[in-house]
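Asks: First the structure, which I've put down as structure tokens, then a few questions once you've had a look.
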Amino acid sequence: MICHLQKYLKQARIPLNPLTSRIRFHSSSENCSHIVSSSPIESYCSDGPRLDHHQVLCVDSPRLPDIDVIISKVHVGSSEDEVFQSLKQDHVCNAIQPSRYLVNKLIHRFKDDWKSALGIFRWAGSCPGYEHSSEIYEMMVDILGKVRQMDQMRALLEEMSKGHIVTLNTIAKVMRRFSGAGQWEDAVRTFDELGTFGLEKNTETMNLLLDTLCKEGKVELARSVFLELKSCIPPNAHTFNIFIHGWCKINRVDEAQWTIQEMKGHGCHPCVISYSTIIQSYCRQYNFSKVYELLDEMQAQGCPPNVVTYTTVMSYLAKSGDFEEAIRITEKMKIVGSKPDSRFFNCLIYTLGRASRVQEAVYVYQVEMPENGVAPDTSTFNTMITMFSHHGHHEKAFHVLEEMNKLEHCKPNVQTFHPLLKSCFKTGKTDECLSQLLDDMVNKHHLSLDITTYTLVIHGLCRANKCEWAYLLFKEMIGHDITPRYQTCRLILDEVKQKHMYDAAEKIEAVMKKL
DNA sequence: GCGCCCTTAG
């Protein structure tokens, strides 16, 4: 295996992405799924040898890309300073001159592991001849904000301010993260301090602040901020649409309707976005008579619905179970001459599938989409796969996956595989077919198995009387710090007891105690 | 149901 690897390196001059990422995944909190038990046997011997590869790669391979050299020095669970020190004190890393491209890729790679990201960020920042761009600072600000490291985030903003590289985008990220963390005063303060960052308090930045507050449901706070600002900063249609969305989000459609009047009072015209937002709100209440009323009003106001409006209505009609009415939306669309897009088609395919009109769904996919110049996306394929699986056309579902694999731009995600995994269990193909799918997920598409996938597969295997394999996956799941559901533990516990696997039973019970 | 992406809407 090792020899083969070196040969590969020398001959192909191709970075060892699949392998190195697997190695990385082994110790990463972000994605640790390389030892997925495609088969029980494989799982037993998955650890030791790979670490040897690791060493071989780092020591013997001069062509190992810089990014992988650095990744190999970053150990999960270390503090940002430990990461920083391990990079700083490593002579191989120190020979690397970081570029913004490299740092960008690294930070992106560790976007779910803020300590590693920050350690790398600090290391790169300390390298002579290198300076972080605003964009990289902003990524780091976002990463820190996401994990609520608000003081660290604030410190970065301060650094940026000193370097005069704060942009509107930085402010947007900082305000959104403050709002998201419930620190609304800090979001407002960031706006107040715009001048110190060399930026202006104007309609655009005010809208940004109002939007961050409204998106977090703090519409009333946004209102009071607005009332204070509006004498100096003129609102635009945008401003009111933000409020309409805010009110709708917290289910206060009356206030949203009232905002329409208010915007007219300010000489701003309600637009298709204003109405579509309110329509969605009525959709959520399944109040379709109001929806139709508003659709008519839009026409009357010279503001006809567009593809977004229609897709919204269609999707909620389908959700309400009224598939026929949902499909009829297509005709309304055709009459108005609104141009369909991929999200519209995905919704239509889904609806036709739910209405058991599979042939028509296939027709939309095969004929109407190409005719309208709309390319399928991951969601289209996922919808087709779900539909075929649901209607028992399992081989067709797998065929769609193959079609998808041929396309470069359209990669499968975890959702793509769920119906296919279910198909395996339904058709009893719980051997090669299932292991192949899991192997493809992890090793071909570098997807990490999430709680849903583990649950689905473990339950399926238990029902298929394959609890040894299920138990391997169960252990793997625990190893990846994914907490199993109570039901999953219960099910697998009963199964292993029946098979007299008392060791396993004990371990499962230990896990359950911690739930 | 939740988190992700993005953030004037699906």
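If you're wondering about the labels, chains in the structure tokens are A, B, ... by order shown, residues count from 1 in each chain, ligands from 1 in order shown.
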Near chain A, meaning an atom within 6 Å, which residues of chain B appear when counting only C-alpha atoms (C1' of nucleotides)? Write them as a PyMOL selection string.
Replies: chain B and resi 8-10
Asks: Give me the residues within 12 Å of range 357-366 of chain A as a count of residues only, counting only C-alpha atoms (C1' of nucleotides) and dropping any in the same chain fewer than 3 places off.
Replies: 42
Asks: Could you work out how far CA of Ser338 in chain A lies from CA of Ser379 in chain A, giving the answer in Å with one decimal?
Replies: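 CA of Ser338 in chain A lies 21.4 Å from CA of Ser379 in chain A.
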Asks: For Ile96 in chain A, which of A:Gly129, A:Gly267, A:Pro304, A:Pro419 is the closest residue, counting only C-alpha atoms?
Replies: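 So, comparing all the options, the nearest one is A:Gly129.
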Asks: Any chance you could list, as a ChimeraX atom specification, the residues in range 90-223 of chain A that come up helix (DSSP H, G or I) when DSSP is run on the backbone?
Replies: /A:91-94,100-109,114-126,134-146,150-162,168-180,184-197,203-215,219-223
Asks: Using Å and a single decimal, report how far CA of Glu158 in chain A sits from CA of Asp81 in chain A.
Replies: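 Going from CA of Asp81 in chain A over to CA of Glu158 in chain A, I get 19.7 Å.
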Asks: Can you pull out every residue within 7 Å of Asn104 in chain A, counting only C-alpha atoms (C1' of nucleotides), but drop anything in the same chain fewer than 4 positions away, and send it as a PyMOL selection string?
Replies: chain A and resi 100+108+136
Asks: What does the distance between CA of Gly182 in chain A and CA of Gly145 in chain A come to in Å, to one decimal place?
Replies: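 Here the two named atoms are 11.5 Å from each other.
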Asks: Need the shell around range 131-134 of chain A: protein/DNA/RNA residues with any atom at most 9 Å away, counting only C-alpha atoms (C1' of nucleotides). Skip same-chain ones fewer than 4 positions apart. Format as a PDB file with N, CA and C atoms, in the first residue's frame?
Replies:
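Just written: out.pdb:
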ATOM      1  N   SER A  99       0.354  32.196   0.733  1.00  0.00           N
ATOM      2  CA  SER A  99      -0.306  33.138  -0.177  1.00  0.00           C
ATOM      3  C   SER A  99      -1.732  33.325   0.325  1.00  0.00           C
ATOM      4  N   ARG A 100      -2.367  34.375  -0.124  1.00  0.00           N
ATOM      5  CA  ARG A 100      -3.760  34.588   0.288  1.00  0.00           C
ATOM      6  C   ARG A 100      -4.645  33.450  -0.205  1.00  0.00           C
ATOM      7  N   VAL A 103      -4.100  30.590   2.277  1.00  0.00           N
ATOM      8  CA  VAL A 103      -4.713  30.869   3.574  1.00  0.00           C
ATOM      9  C   VAL A 103      -6.238  30.812   3.460  1.00  0.00           C
ATOM     10  N   PHE A 121      -4.578  31.220  11.004  1.00  0.00           N
ATOM     11  CA  PHE A 121      -4.710  32.640  10.675  1.00  0.00           C
ATOM     12  C   PHE A 121      -3.572  33.440  11.325  1.00  0.00           C
ATOM     13  N   ALA A 124      -0.141  32.492   9.650  1.00  0.00           N
ATOM     14  CA  ALA A 124       0.049  33.154   8.348  1.00  0.00           C
ATOM     15  C   ALA A 124       0.334  34.639   8.564  1.00  0.00           C
ATOM     16  N   GLY A 125      -0.432  35.242   9.470  1.00  0.00           N
ATOM     17  CA  GLY A 125      -0.272  36.666   9.737  1.00  0.00           C
ATOM     18  C   GLY A 125       1.121  37.015  10.264  1.00  0.00           C
ATOM     19  N   SER A 126       1.774  36.031  10.883  1.00  0.00           N
ATOM     20  CA  SER A 126       3.105  36.286  11.455  1.00  0.00           C
ATOM     21  C   SER A 126       4.223  36.047  10.441  1.00  0.00           C
ATOM     22  N   CYS A 127       3.878  35.536   9.277  1.00  0.00           N
ATOM     23  CA  CYS A 127       4.910  35.254   8.274  1.00  0.00           C
ATOM     24  C   CYS A 127       5.317  36.551   7.573  1.00  0.00           C
ATOM     25  N   GLU A 138     -12.529  38.677   7.064  1.00  0.00           N
ATOM     26  CA  GLU A 138     -13.982  38.520   7.169  1.00  0.00           C
ATOM     27  C   GLU A 138     -14.389  37.062   7.381  1.00  0.00           C
ATOM     28  N   MET A 139     -13.701  36.151   6.714  1.00  0.00           N
ATOM     29  CA  MET A 139     -13.981  34.727   6.931  1.00  0.00           C
ATOM     30  C   MET A 139     -13.756  34.383   8.393  1.00  0.00           C
ATOM     31  N   MET A 160      -8.550  45.081  12.082  1.00  0.00           N
ATOM     32  CA  MET A 160      -8.890  45.507  10.727  1.00  0.00           C
ATOM     33  C   MET A 160      -9.012  47.022  10.664  1.00  0.00           C
ATOM     34  N   ILE A 165      -8.936  48.415   6.781  1.00  0.00           N
ATOM     35  CA  ILE A 165      -9.427  47.483   5.760  1.00  0.00           C
ATOM     36  C   ILE A 165     -10.834  46.974   6.096  1.00  0.00           C
ATOM     37  N   VAL A 166     -11.535  47.701   6.970  1.00  0.00           N
ATOM     38  CA  VAL A 166     -12.921  47.328   7.259  1.00  0.00           C
ATOM     39  C   VAL A 166     -13.776  47.676   6.049  1.00  0.00           C
ATOM     40  N   THR A 167     -14.550  46.735   5.578  1.00  0.00           N
ATOM     41  CA  THR A 167     -15.444  46.997   4.454  1.00  0.00           C
ATOM     42  C   THR A 167     -16.894  46.894   4.934  1.00  0.00           C
ATOM     43  N   THR A 170     -17.575  43.486   6.035  1.00  0.00           N
ATOM     44  CA  THR A 170     -17.126  43.186   7.404  1.00  0.00           C
ATOM     45  C   THR A 170     -18.219  43.586   8.388  1.00  0.00           C
TER      46      THR A 170
END
